[in-house]
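Asker: To be precise about what I am sending: the file is called structure24.tsv and holds TSV, C-alpha atoms and all ligand atoms.
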```
chain	number	residue	atom	x	y	z
A	1	MET	CA	19.41	37.86	-66.29
A	2	ASN	CA	17.41	34.97	-67.82
A	3	SER	CA	13.66	35.21	-68.61
A	4	GLU	CA	12.53	33.37	-65.44
A	5	LYS	CA	14.50	35.83	-63.32
A	6	ASN	CA	13.08	38.73	-65.34
A	7	LEU	CA	9.60	37.47	-64.65
A	8	GLN	CA	10.36	37.25	-60.91
A	9	LYS	CA	11.84	40.76	-61.00
A	10	ASP	CA	8.75	42.18	-62.72
A	11	LEU	CA	6.45	40.30	-60.36
A	12	LEU	CA	8.38	41.45	-57.30
A	13	GLU	CA	8.21	45.05	-58.50
A	14	SER	CA	4.51	45.03	-59.34
A	15	LEU	CA	3.45	43.20	-56.15
A	16	LEU	CA	5.50	45.47	-53.93
A	17	LEU	CA	4.43	48.73	-55.59
A	18	LYS	CA	0.77	47.71	-55.56
A	19	TRP	CA	1.03	46.94	-51.85
A	20	TYR	CA	2.91	50.20	-51.19
A	21	ASP	CA	0.24	52.26	-52.99
A	22	THR	CA	-2.32	51.01	-50.46
A	23	TYR	CA	-0.37	50.49	-47.25
A	24	GLN	CA	2.49	53.01	-47.23
A	25	ARG	CA	3.21	54.62	-43.87
A	26	GLN	CA	2.62	58.37	-43.48
A	27	PHE	CA	5.52	60.47	-42.19
A	28	PRO	CA	5.94	64.26	-42.12
A	29	TRP	CA	8.99	63.93	-44.40
A	30	ARG	CA	7.27	61.69	-46.92
A	31	ALA	CA	5.60	63.24	-49.99
A	32	ARG	CA	1.91	62.46	-50.51
A	33	PRO	CA	1.08	60.44	-53.63
A	34	GLY	CA	1.33	62.61	-56.74
A	35	ILE	CA	3.46	65.27	-55.03
A	36	SER	CA	7.21	65.56	-55.75
A	37	PRO	CA	9.37	64.75	-52.74
A	38	ASN	CA	11.37	67.56	-51.13
A	39	PRO	CA	15.04	66.41	-51.19
A	40	TYR	CA	15.81	68.62	-48.14
A	41	HIS	CA	13.16	66.75	-46.16
A	42	VAL	CA	14.52	63.40	-47.37
A	43	TRP	CA	18.08	64.32	-46.40
A	44	LEU	CA	17.14	65.73	-42.97
A	45	SER	CA	14.97	62.71	-42.10
A	46	GLU	CA	17.59	60.22	-43.29
A	47	ILE	CA	20.27	61.84	-41.13
A	48	MET	CA	17.94	61.79	-38.11
A	49	LEU	CA	16.92	58.19	-38.79
A	50	GLN	CA	20.52	56.96	-38.91
A	51	GLN	CA	20.45	55.89	-35.28
A	52	THR	CA	16.91	56.71	-34.20
A	53	THR	CA	13.45	55.22	-34.73
A	54	THR	CA	10.75	56.87	-36.85
A	55	GLY	CA	8.51	57.43	-33.81
A	56	VAL	CA	11.16	59.56	-32.09
A	57	VAL	CA	12.28	61.35	-35.26
A	58	GLU	CA	8.81	62.66	-36.21
A	59	ASP	CA	8.75	65.43	-33.54
A	60	TYR	CA	12.36	66.43	-34.12
A	61	PHE	CA	11.87	66.58	-37.87
A	62	THR	CA	8.76	68.77	-37.54
A	63	ARG	CA	10.58	71.10	-35.13
A	64	PHE	CA	13.60	71.43	-37.44
A	65	ILE	CA	11.44	72.18	-40.47
A	66	SER	CA	9.48	74.84	-38.63
A	67	LEU	CA	12.72	76.44	-37.35
A	68	TRP	CA	14.60	76.08	-40.65
A	69	PRO	CA	12.20	75.52	-43.56
A	70	THR	CA	14.93	75.55	-46.22
A	71	ILE	CA	18.55	74.48	-46.62
A	72	GLN	CA	19.45	78.19	-46.81
A	73	SER	CA	17.86	78.94	-43.45
A	74	LEU	CA	19.53	75.88	-41.88
A	75	SER	CA	22.91	77.06	-43.22
A	76	LYS	CA	22.49	80.35	-41.32
A	77	ALA	CA	21.77	78.69	-37.96
A	78	THR	CA	24.59	78.56	-35.42
A	79	LEU	CA	25.95	75.19	-34.36
A	80	ASP	CA	24.68	75.83	-30.82
A	81	GLU	CA	21.15	76.47	-32.12
A	82	ILE	CA	21.27	73.19	-34.04
A	83	PHE	CA	22.66	71.32	-31.02
A	84	HIS	CA	19.88	72.76	-28.94
A	85	ALA	CA	17.14	71.58	-31.29
A	86	TRP	CA	18.94	68.20	-31.55
A	87	GLN	CA	19.06	67.62	-27.78
A	88	GLY	CA	17.93	64.11	-26.86
A	89	LEU	CA	18.53	62.56	-30.30
A	90	GLY	CA	22.11	61.60	-29.39
A	91	TYR	CA	25.02	60.92	-31.77
A	92	TYR	CA	25.73	64.64	-32.01
A	93	ASN	CA	28.16	64.23	-34.90
A	94	ARG	CA	25.06	63.98	-37.07
A	95	ALA	CA	24.01	67.51	-35.98
A	96	ARG	CA	27.53	68.83	-36.57
A	97	ASN	CA	27.58	67.31	-40.06
A	98	LEU	CA	24.11	68.67	-40.81
A	99	HIS	CA	25.37	72.15	-40.05
A	100	ARG	CA	28.52	71.80	-42.20
A	101	CYS	CA	26.60	70.10	-44.98
A	102	ALA	CA	23.98	72.88	-45.20
A	103	GLN	CA	26.78	75.43	-45.60
A	104	ILE	CA	28.47	73.36	-48.31
A	105	LEU	CA	25.16	72.96	-50.16
A	106	VAL	CA	24.67	76.74	-50.17
A	107	GLN	CA	28.28	77.47	-51.18
A	108	ASN	CA	28.77	74.75	-53.82
A	109	PHE	CA	25.34	73.56	-54.92
A	110	ASN	CA	23.23	76.73	-54.97
A	111	GLY	CA	21.37	75.61	-51.85
A	112	ASP	CA	20.04	72.43	-53.51
A	113	MET	CA	20.75	68.76	-52.83
A	114	PRO	CA	22.75	67.11	-55.62
A	115	GLN	CA	20.95	64.22	-57.33
A	116	LYS	CA	23.77	61.77	-58.04
A	117	GLU	CA	25.07	59.31	-55.45
A	118	GLU	CA	28.72	60.17	-56.28
A	119	GLU	CA	28.09	63.85	-55.45
A	120	LEU	CA	26.00	63.06	-52.39
A	121	LEU	CA	28.84	60.89	-51.06
A	122	THR	CA	31.15	63.94	-50.94
A	123	LEU	CA	28.92	65.60	-48.32
A	124	PRO	CA	29.69	65.34	-44.58
A	125	GLY	CA	27.59	62.75	-42.78
A	126	VAL	CA	26.38	61.14	-46.03
A	127	GLY	CA	27.54	57.53	-46.38
A	128	PRO	CA	26.58	54.97	-49.04
A	129	TYR	CA	23.20	54.14	-47.47
A	130	THR	CA	22.13	57.77	-47.01
A	131	ALA	CA	23.36	58.75	-50.50
A	132	ALA	CA	21.31	55.94	-52.05
A	133	ALA	CA	18.26	56.88	-49.95
A	134	ILE	CA	18.40	60.55	-50.98
A	135	ALA	CA	19.02	59.66	-54.65
A	136	ALA	CA	16.19	57.11	-54.77
A	137	ILE	CA	13.55	58.79	-52.58
A	138	GLY	CA	14.40	62.43	-53.29
A	139	PHE	CA	15.13	62.14	-57.01
A	140	ASN	CA	13.81	58.75	-58.15
A	141	GLN	CA	17.30	57.70	-59.24
A	142	PRO	CA	17.61	53.94	-60.00
A	143	THR	CA	19.21	52.78	-56.77
A	144	VAL	CA	18.06	51.07	-53.55
A	145	PRO	CA	19.42	51.88	-50.08
A	146	VAL	CA	20.15	48.58	-48.34
A	147	ASP	CA	19.44	48.79	-44.61
A	148	GLY	CA	18.55	46.16	-42.01
A	149	ASN	CA	14.95	45.98	-43.24
A	150	VAL	CA	15.98	45.36	-46.84
A	151	VAL	CA	18.58	42.76	-45.82
A	152	ARG	CA	15.98	40.93	-43.75
A	153	VAL	CA	13.33	40.92	-46.49
A	154	PHE	CA	15.71	39.64	-49.17
A	155	SER	CA	17.46	37.11	-46.93
A	156	ARG	CA	14.01	35.59	-46.37
A	157	LEU	CA	12.77	35.93	-49.94
A	158	LEU	CA	15.88	34.11	-51.16
A	159	ALA	CA	16.36	31.88	-48.06
A	160	ILE	CA	20.02	32.89	-47.75
A	161	LYS	CA	21.71	31.36	-44.71
A	162	THR	CA	24.95	33.37	-44.86
A	163	PRO	CA	25.29	35.21	-41.52
A	164	LEU	CA	25.66	38.98	-41.20
A	165	PRO	CA	27.69	41.01	-42.04
A	166	THR	CA	28.80	39.01	-45.14
A	167	LEU	CA	25.13	38.54	-45.99
A	168	LYS	CA	24.76	42.27	-46.69
A	169	LYS	CA	27.20	42.10	-49.64
A	170	GLU	CA	25.21	39.24	-51.19
A	171	ILE	CA	21.95	41.12	-50.80
A	172	GLU	CA	23.43	44.32	-52.27
A	173	LYS	CA	24.46	42.35	-55.36
A	174	PHE	CA	21.02	40.86	-55.75
A	175	VAL	CA	19.19	44.15	-55.10
A	176	SER	CA	21.24	45.90	-57.81
A	177	CYS	CA	19.66	43.45	-60.31
A	178	VAL	CA	16.05	44.14	-59.31
A	179	ILE	CA	15.98	47.96	-59.16
A	180	PRO	CA	13.06	49.16	-61.25
A	181	SER	CA	13.76	51.81	-63.87
A	182	LYS	CA	10.64	53.76	-62.85
A	183	ARG	CA	9.38	54.49	-59.32
A	184	SER	CA	12.72	53.56	-57.68
A	185	GLY	CA	11.88	55.81	-54.73
A	186	ASP	CA	8.58	54.07	-54.09
A	187	PHE	CA	10.24	50.66	-54.54
A	188	ALA	CA	12.85	51.56	-51.89
A	189	GLN	CA	10.22	52.92	-49.50
A	190	GLY	CA	8.01	49.90	-50.17
A	191	LEU	CA	10.83	47.60	-49.08
A	192	MET	CA	11.44	49.72	-45.96
A	193	ASP	CA	7.73	49.67	-45.06
A	194	LEU	CA	7.35	45.97	-45.74
A	195	GLY	CA	10.37	45.22	-43.52
A	196	ALA	CA	9.07	47.46	-40.74
A	197	THR	CA	5.42	46.39	-40.71
A	198	ILE	CA	5.09	42.90	-42.27
A	199	CYS	CA	8.46	41.18	-42.59
A	200	ARG	CA	9.30	42.09	-38.99
A	201	PRO	CA	12.40	40.75	-37.23
A	202	HIS	CA	10.84	38.24	-34.82
A	203	LEU	CA	7.30	37.78	-36.04
A	204	PRO	CA	6.92	38.09	-39.81
A	205	ALA	CA	3.24	38.43	-40.78
A	206	CYS	CA	3.62	36.10	-43.80
A	207	GLU	CA	-0.14	35.60	-44.09
A	208	MET	CA	-0.50	39.32	-44.95
A	209	CYS	CA	2.59	39.60	-47.13
A	210	PRO	CA	2.21	40.55	-50.80
A	211	LEU	CA	5.44	38.67	-51.60
A	212	GLN	CA	4.50	35.37	-49.97
A	213	GLY	CA	4.18	33.56	-53.31
A	214	LEU	CA	7.80	34.49	-54.15
A	215	CYS	CA	9.28	33.79	-50.74
A	216	LYS	CA	11.61	30.79	-50.45
A	217	GLY	CA	12.12	31.35	-46.73
A	218	PHE	CA	8.36	31.04	-46.20
A	219	ARG	CA	8.13	27.92	-48.40
A	220	LYS	CA	10.95	26.24	-46.50
A	221	GLY	CA	9.53	27.27	-43.10
A	222	ILE	CA	12.74	29.05	-42.06
A	223	ALA	CA	11.70	32.69	-42.55
A	224	LYS	CA	11.54	33.52	-38.84
A	225	LYS	CA	15.13	32.36	-38.27
A	226	LEU	CA	16.57	34.57	-41.02
A	227	PRO	CA	18.80	36.50	-41.28
A	228	PHE	CA	21.41	34.63	-39.25
A	229	PRO	CA	23.07	37.13	-36.86
A	230	ALA	CA	26.74	38.03	-36.70
A	231	PRO	CA	28.68	36.41	-33.84
A	232	LYS	CA	28.25	38.52	-30.68
A	233	GLU	CA	30.96	40.96	-29.64
A	234	THR	CA	31.01	42.06	-26.03
A	235	LYS	CA	31.26	45.78	-25.42
A	236	PRO	CA	34.05	46.95	-23.12
A	237	ARG	CA	33.23	48.97	-20.00
A	238	ARG	CA	34.95	52.26	-19.18
A	239	TYR	CA	35.07	54.20	-15.96
A	240	GLY	CA	35.39	57.88	-15.06
A	241	ILE	CA	34.53	60.61	-12.58
A	242	VAL	CA	32.41	63.71	-13.20
A	243	PHE	CA	32.94	66.71	-10.99
A	244	TRP	CA	29.77	68.37	-9.71
A	245	ILE	CA	31.14	71.64	-8.36
A	246	GLU	CA	29.03	74.33	-6.71
A	247	ASN	CA	30.00	77.89	-5.73
A	248	ASP	CA	28.61	80.03	-2.89
A	249	ARG	CA	25.70	81.18	-5.09
A	250	GLY	CA	24.64	77.55	-5.68
A	251	GLU	CA	25.80	77.70	-9.33
A	252	ILE	CA	27.28	74.65	-11.06
A	253	LEU	CA	30.52	74.53	-13.04
A	254	ILE	CA	29.99	73.47	-16.66
A	255	GLU	CA	32.36	73.52	-19.62
A	256	LYS	CA	32.50	73.03	-23.35
A	257	ARG	CA	34.04	69.68	-24.28
A	258	PRO	CA	37.11	69.58	-26.55
A	259	ASN	CA	36.45	69.97	-30.29
A	260	LYS	CA	37.73	66.49	-31.04
A	261	GLY	CA	36.66	63.06	-29.81
A	262	LEU	CA	33.43	61.75	-28.37
A	263	LEU	CA	30.73	64.41	-27.68
A	264	ALA	CA	33.06	67.01	-29.23
A	265	GLY	CA	32.07	70.64	-28.79
A	266	LEU	CA	29.06	69.87	-26.58
A	267	MET	CA	28.50	71.27	-23.11
A	268	GLY	CA	29.38	68.96	-20.26
A	269	ILE	CA	30.08	68.64	-16.57
A	270	PRO	CA	33.88	68.50	-16.04
A	271	THR	CA	35.06	64.91	-16.20
A	272	THR	CA	38.19	62.79	-16.10
A	273	GLU	CA	39.31	60.62	-19.00
A	274	TRP	CA	37.25	57.46	-19.30
A	275	LYS	CA	39.55	54.53	-18.52
A	276	GLU	CA	39.17	50.80	-18.96
A	277	SER	CA	40.20	49.95	-15.40
A	278	PRO	CA	37.96	50.61	-12.37
A	279	ARG	CA	41.07	50.63	-10.14
A	280	ASP	CA	41.86	54.21	-11.22
A	281	ILE	CA	38.57	55.27	-9.65
A	282	GLU	CA	38.92	53.16	-6.56
A	283	ASP	CA	42.28	54.60	-5.53
A	284	HIS	CA	41.09	58.09	-6.48
A	285	THR	CA	44.19	58.93	-8.57
A	286	MET	CA	41.82	60.35	-11.15
A	287	LEU	CA	40.86	63.12	-8.71
A	288	LEU	CA	44.13	64.68	-9.86
A	289	GLN	CA	42.33	65.55	-13.11
A	290	ALA	CA	39.71	67.60	-11.23
A	291	PRO	CA	39.28	71.36	-11.69
A	292	LYS	CA	41.39	73.29	-9.17
A	293	GLY	CA	40.20	74.88	-5.96
A	294	VAL	CA	38.17	72.06	-4.37
A	295	HIS	CA	39.66	70.75	-1.11
A	296	LYS	CA	37.19	68.04	-0.24
A	297	TRP	CA	35.28	65.62	-2.45
A	298	GLU	CA	32.15	63.68	-1.56
A	299	PHE	CA	31.12	60.79	-3.83
A	300	LEU	CA	27.43	60.15	-4.53
A	301	PRO	CA	26.58	56.55	-3.60
A	302	LEU	CA	25.67	55.15	-7.04
A	303	PRO	CA	27.37	55.50	-10.42
A	304	ILE	CA	25.67	56.73	-13.61
A	305	LEU	CA	25.50	54.03	-16.30
A	306	HIS	CA	25.39	54.93	-19.96
A	307	THR	CA	25.91	52.94	-23.14
A	308	PHE	CA	27.60	54.36	-26.23
A	309	THR	CA	27.87	52.51	-29.54
A	310	HIS	CA	31.23	50.97	-28.69
A	311	PHE	CA	31.36	50.81	-24.91
A	312	HIS	CA	29.46	50.98	-21.63
A	313	LEU	CA	30.37	53.85	-19.33
A	314	GLU	CA	30.25	53.93	-15.54
A	315	LEU	CA	30.61	57.43	-14.10
A	316	ARG	CA	31.00	58.25	-10.41
A	317	ILE	CA	29.88	61.73	-9.36
A	318	ALA	CA	32.26	63.61	-7.06
A	319	LYS	CA	30.74	66.68	-5.39
A	320	GLY	CA	32.85	69.63	-4.33
A	321	HIS	CA	32.72	73.33	-3.48
A	322	THR	CA	34.80	76.29	-4.66
A	323	ASN	CA	34.45	79.85	-5.92
A	324	LEU	CA	37.55	79.55	-8.05
A	325	LEU	CA	36.80	79.61	-11.78
A	326	GLY	CA	39.48	78.23	-14.09
A	327	LYS	CA	38.05	76.67	-17.24
A	328	GLY	CA	34.30	76.72	-17.90
A	329	VAL	CA	31.38	78.87	-16.75
A	330	TRP	CA	29.04	78.93	-13.78
A	331	SER	CA	25.38	78.20	-14.45
A	332	SER	CA	22.43	78.36	-12.10
A	333	LEU	CA	20.44	75.13	-11.88
A	334	ASP	CA	17.50	76.84	-13.60
A	335	HIS	CA	19.65	77.75	-16.58
A	336	LEU	CA	21.21	74.31	-17.12
A	337	ASN	CA	18.38	73.32	-19.47
A	338	THR	CA	19.25	76.19	-21.83
A	339	TYR	CA	22.47	74.36	-22.79
A	340	ALA	CA	22.76	71.48	-25.28
A	341	PHE	CA	23.95	68.65	-23.03
A	342	PRO	CA	24.35	65.12	-24.42
A	343	SER	CA	22.22	62.38	-22.83
A	344	VAL	CA	24.98	61.08	-20.55
A	345	MET	CA	25.46	64.55	-19.01
A	346	LYS	CA	21.70	64.95	-18.61
A	347	LYS	CA	21.73	61.75	-16.56
A	348	VAL	CA	24.49	63.21	-14.38
A	349	ILE	CA	22.54	66.44	-13.87
A	350	ARG	CA	19.35	64.55	-13.04
A	351	TYR	CA	21.02	62.30	-10.50
A	352	ALA	CA	23.09	65.04	-8.85
A	353	THR	CA	20.10	67.39	-8.48
A	354	GLN	CA	17.86	64.60	-7.16
A	355	ALA	CA	20.52	63.59	-4.63
A	356	GLN	CA	20.80	67.24	-3.52
A	357	SER	CA	17.05	67.70	-3.08
A	358	LEU	CA	16.83	64.45	-1.07
A	359	LYS	CA	19.65	65.72	1.17
A	360	ASN	CA	17.90	69.08	1.62
A	361	LYS	CA	14.66	67.34	2.61
A	362	ALA	CA	16.45	65.12	5.11
A	363	ALA	CA	18.28	68.08	6.69
B	401	LIG	S1	6.44	35.84	-46.84
B	401	LIG	FE1	7.02	36.23	-44.75
B	401	LIG	S2	9.21	35.98	-44.69
B	401	LIG	FE2	8.64	36.13	-46.85
B	401	LIG	S3	8.93	38.29	-47.32
B	401	LIG	FE3	6.81	38.02	-46.71
B	401	LIG	S4	6.75	38.43	-44.50
B	401	LIG	FE4	8.88	38.14	-45.10
```
Hey, can you dump this file as structure tokens for me?
Answerer:
Amino acid sequence: MNSEKNLQKDLLESLLLKWYDTYQRQFPWRARPGISPNPYHVWLSEIMLQQTTTGVVEDYFTRFISLWPTIQSLSKATLDEIFHAWQGLGYYNRARNLHRCAQILVQNFNGDMPQKEEELLTLPGVGPYTAAAIAAIGFNQPTVPVDGNVVRVFSRLLAIKTPLPTLKKEIEKFVSCVIPSKRSGDFAQGLMDLGATICRPHLPACEMCPLQGLCKGFRKGIAKKLPFPAPKETKPRRYGIVFWIENDRGEILIEKRPNKGLLAGLMGIPTTEWKESPRDIEDHTMLLQAPKGVHKWEFLPLPILHTFTHFHLELRIAKGHTNLLGKGVWSSLDHLNTYAFPSVMKKVIRYATQAQSLKNKAA
């Protein structure tokens, strides 16, 4: 790196760290200035933050830490207990990996987080971004996790017009040249905070930005337009039926989902496969996949709509009655909330129970 670039690197580092020392955000997982970070807290928060915003994660993080204050205690929890505390956060594979990972940490790493990215990458649920985040924030290792915030800040600082996702590779290369040898954790968190509070996606607050003097995007007047997005992909839509089955005692049939595939191992209302064609629903051939013993089905008028990462789902609710129990268990309505249902199943339960109470009122 030539001397002008070195100067820019030093300036970037000192401006950002000075700003971070004054304006850093407070989170329950973040160590106070002068206190060593707890790598368990960093790991847990990073897993929770993978698909969820900081505002939502704060309560979940605090609950997890009060239930399981150490990696050892988390490793002794059952998967169902973890699912239960995770309810509402979605993407349940993260909870499953948390559980496996805690056990591996106790068995192979004495109950501690490893410090090196290569070792962190061997753990379930820890990809390149999370490994870099734990190494930098938890152990001050010289690395920077590159997320959407960091990509946005650097694409603007350098006025790079390459669209995503190729842009990310370019930014990663550049970032690897500006990692400070000291305070890497604060540098990484400073970038995250700057991206979240100042260099925001639609309305960057350039007039308050400590890096304005270095920012080519600002100088050229194109900051707001950067980074250029990836071409849009349209999500496919899938269709299915859920079977809301009651017995004579008013209990509902629920079952554990298969251990592989989407929502694996979670509790659910029995459902058909989710197909790409609505015709399968319209001609009711999918009713053949229903639990046995129900002789008459009644469809609720509206479908449930839910969006997963890769597809939209439209679920019709078919109501039936039987006392026959094949697969699954009966649960009273009051006890349904003691099970760890994923969000889509919670929507089904909400709609089916509301429809029932409206019917009861009308009767
Ligand atoms: S000057 Fe504006 S565009 Fe540039 S880094 Fe700061 S907030 Fe982002």
Asker: Counting all atoms listed in the file, which protein, DNA or RNA residues come within 6 Å of ligand LIG 401 (chain B), given as a list in words?
Answerer: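 Written in the requested form, the residues are Val153, Arg156, Leu157, Ile198, Cys199, Pro204, Ala205, Cys206, Cys209, Leu211, Gln212, Cys215, Gly217, Phe218 and Ala223 of chain A.
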Asker: Just give me the gap between atom CA of A:Arg63 and atom CA of A:Pro28 in Å, one decimal is fine.
Answerer: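 Computed distance, atom CA of A:Arg63 to atom CA of A:Pro28, equals 10.8 Å.
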Asker: Write out as an mmCIF file with C-alpha atoms, keeping the file's coordinate frame the residues lying within 10 Å of A:Arg100, counting all atoms listed in the file and excluding same-chain residues fewer than 4 positions away.
Answerer:
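Saved to selection-v3.cif:
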```cif
data_model
loop_
_atom_site.group_PDB
_atom_site.id
_atom_site.type_symbol
_atom_site.label_atom_id
_atom_site.label_comp_id
_atom_site.auth_asym_id
_atom_site.auth_seq_id
_atom_site.Cartn_x
_atom_site.Cartn_y
_atom_site.Cartn_z
ATOM 1 C CA LEU A 74 19.530 75.880 -41.880
ATOM 2 C CA SER A 75 22.910 77.060 -43.220
ATOM 3 C CA LEU A 79 25.950 75.190 -34.360
ATOM 4 C CA ARG A 94 25.060 63.980 -37.070
ATOM 5 C CA ALA A 95 24.010 67.510 -35.980
ATOM 6 C CA ARG A 96 27.530 68.830 -36.570
ATOM 7 C CA ILE A 104 28.470 73.360 -48.310
ATOM 8 C CA LEU A 105 25.160 72.960 -50.160
ATOM 9 C CA LEU A 123 28.920 65.600 -48.320
ATOM 10 C CA PRO A 124 29.690 65.340 -44.580
ATOM 11 C CA GLY A 125 27.590 62.750 -42.780
#
```
Asker: Could you check how far atom CA of A:Lys225 sits from atom CA of A:Pro201, in Å to one decimal?
Answerer: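 Here the two named atoms are 8.9 Å from each other.
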Asker: Under the rule that all atoms listed in the file are counted, which of A:Glu172, A:Asp112, A:Glu13, A:Asp334 is the nearest residue to A:Val151?
Answerer: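 Among the listed residues, A:Glu172 lies closest to A:Val151.
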Asker: Which residues come within 7 Å of A:Lys275, counting only C-alpha atoms, excluding same-chain residues fewer than 5 positions away, as a count of residues only?
Answerer: 3
Asker: Would you work out the distance separating atom CA of A:Gly190 from atom CA of A:Trp19, expressed in Å to one decimal?
Answerer: 7.8 Å
Asker: Measuring between all atoms listed in the file, which one of A:Phe243, A:Trp330, A:Trp297, A:Tyr339 shows the shortest distance to A:Gly265?
Answerer: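 Smallest separation from A:Gly265 among the options: A:Tyr339.
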Asker: For A:Asp21, find every residue with an atom within 12 Å (counting only C-alpha atoms), except residues of its own chain fewer than 4 positions away, and show them as a PDB file with C-alpha atoms, in the coordinates of the input.
Answerer:
```pdb
ATOM      1  CA  SER A  14       4.510  45.030 -59.340  1.00  0.00           C
ATOM      2  CA  LEU A  15       3.450  43.200 -56.150  1.00  0.00           C
ATOM      3  CA  LEU A  16       5.500  45.470 -53.930  1.00  0.00           C
ATOM      4  CA  LEU A  17       4.430  48.730 -55.590  1.00  0.00           C
ATOM      5  CA  ARG A  25       3.210  54.620 -43.870  1.00  0.00           C
ATOM      6  CA  GLN A  26       2.620  58.370 -43.480  1.00  0.00           C
ATOM      7  CA  ARG A  32       1.910  62.460 -50.510  1.00  0.00           C
ATOM      8  CA  PRO A  33       1.080  60.440 -53.630  1.00  0.00           C
ATOM      9  CA  GLY A  34       1.330  62.610 -56.740  1.00  0.00           C
ATOM     10  CA  ARG A 183       9.380  54.490 -59.320  1.00  0.00           C
ATOM     11  CA  ASP A 186       8.580  54.070 -54.090  1.00  0.00           C
ATOM     12  CA  PHE A 187      10.240  50.660 -54.540  1.00  0.00           C
ATOM     13  CA  GLN A 189      10.220  52.920 -49.500  1.00  0.00           C
ATOM     14  CA  GLY A 190       8.010  49.900 -50.170  1.00  0.00           C
ATOM     15  CA  ASP A 193       7.730  49.670 -45.060  1.00  0.00           C
ATOM     16  CA  LEU A 194       7.350  45.970 -45.740  1.00  0.00           C
TER      17      LEU A 194
END
```
Asker: From the list A:Asn360, A:Asn149, A:Ser45, A:Ser66, which residue is nearest A:Arg200 when using all atoms listed in the file?
Answerer: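 Among A:Asn360, A:Asn149, A:Ser45, A:Ser66, it is A:Asn149 that comes nearest to A:Arg200.
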Asker: So, counting all atoms listed in the file, which residue among A:Leu11, A:Ala264, A:Val242, A:Ile160 is closest to A:Leu313?
Answerer: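 Closest candidate: A:Val242.
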Asker: Please provide the set of residues having any atom within 12 Å of A:Phe64, restricted to all atoms listed in the file, with same-chain residues fewer than 5 positions apart removed, written as a ChimeraX atom specification.
Answerer: /A:28-29,40-41,44-45,48,57-59,69-71,73-74,77,81-87,95,98
Asker: Residues of the last selection are to be written out with C-alpha atoms, as a tab-separated table (two decimals), in the frame of the given file.
Answerer:
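For reference, part05.tsv as written:
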```tsv
chain	number	residue	atom	x	y	z
A	28	PRO	CA	5.94	64.26	-42.12
A	29	TRP	CA	8.99	63.93	-44.40
A	40	TYR	CA	15.81	68.62	-48.14
A	41	HIS	CA	13.16	66.75	-46.16
A	44	LEU	CA	17.14	65.73	-42.97
A	45	SER	CA	14.97	62.71	-42.10
A	48	MET	CA	17.94	61.79	-38.11
A	57	VAL	CA	12.28	61.35	-35.26
A	58	GLU	CA	8.81	62.66	-36.21
A	59	ASP	CA	8.75	65.43	-33.54
A	69	PRO	CA	12.20	75.52	-43.56
A	70	THR	CA	14.93	75.55	-46.22
A	71	ILE	CA	18.55	74.48	-46.62
A	73	SER	CA	17.86	78.94	-43.45
A	74	LEU	CA	19.53	75.88	-41.88
A	77	ALA	CA	21.77	78.69	-37.96
A	81	GLU	CA	21.15	76.47	-32.12
A	82	ILE	CA	21.27	73.19	-34.04
A	83	PHE	CA	22.66	71.32	-31.02
A	84	HIS	CA	19.88	72.76	-28.94
A	85	ALA	CA	17.14	71.58	-31.29
A	86	TRP	CA	18.94	68.20	-31.55
A	87	GLN	CA	19.06	67.62	-27.78
A	95	ALA	CA	24.01	67.51	-35.98
A	98	LEU	CA	24.11	68.67	-40.81
```
Asker: List every protein, DNA or RNA residue that has at least one atom no more than 10 Å from (28.2, 55.4, -10.2) in the file's coordinates, counting all atoms listed in the file, and write the result as a list in words.
Answerer: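 The distance filter leaves exactly Tyr239, Gly240, Ile241, Val242, Phe299, Leu300, Pro301, Leu302, Pro303, Ile304, Leu305, Leu313, Glu314, Leu315, Arg316, Ile317, Ala318, Val348 and Tyr351 of chain A.
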Asker: For A:Pro227, which residue among A:Lys173, A:Ile245, A:Gly328, A:Lys161 is the nearest when counting all atoms listed in the file?
Answerer: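 Of A:Lys173, A:Ile245, A:Gly328, A:Lys161, the one nearest A:Pro227 is A:Lys161, counting all atoms listed in the file.
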Asker: Given only C-alpha atoms as the basis, pick out the residue of A:Cys101, A:Leu158, A:Leu89, A:Ala352 nearest to A:Lys220.
Answerer: A:Leu158
Asker: With N, CA, C and O atoms as the goal, would you fill in the gaps in stretch 56-60 of chain A and present it as a short mmCIF file (atom, residue, chain, number, x, y, z; two decimals), in the frame of the given file?
Answerer:
```cif
data_model
loop_
_atom_site.label_atom_id
_atom_site.label_comp_id
_atom_site.auth_asym_id
_atom_site.auth_seq_id
_atom_site.Cartn_x
_atom_site.Cartn_y
_atom_site.Cartn_z
N VAL A 56 10.45 58.49 -32.78
CA VAL A 56 11.16 59.56 -32.09
C VAL A 56 11.48 60.69 -33.08
O VAL A 56 11.38 61.88 -32.75
N VAL A 57 11.83 60.34 -34.30
CA VAL A 57 12.28 61.35 -35.26
C VAL A 57 11.15 62.30 -35.68
O VAL A 57 11.40 63.48 -35.94
N GLU A 58 9.90 61.82 -35.68
CA GLU A 58 8.81 62.66 -36.21
C GLU A 58 8.77 64.05 -35.56
O GLU A 58 8.73 65.06 -36.25
N ASP A 59 8.82 64.13 -34.23
CA ASP A 59 8.75 65.43 -33.54
C ASP A 59 9.96 66.29 -33.86
O ASP A 59 9.84 67.50 -34.08
N TYR A 60 11.15 65.66 -33.84
CA TYR A 60 12.36 66.43 -34.12
C TYR A 60 12.34 66.98 -35.54
O TYR A 60 12.70 68.13 -35.78
#
```
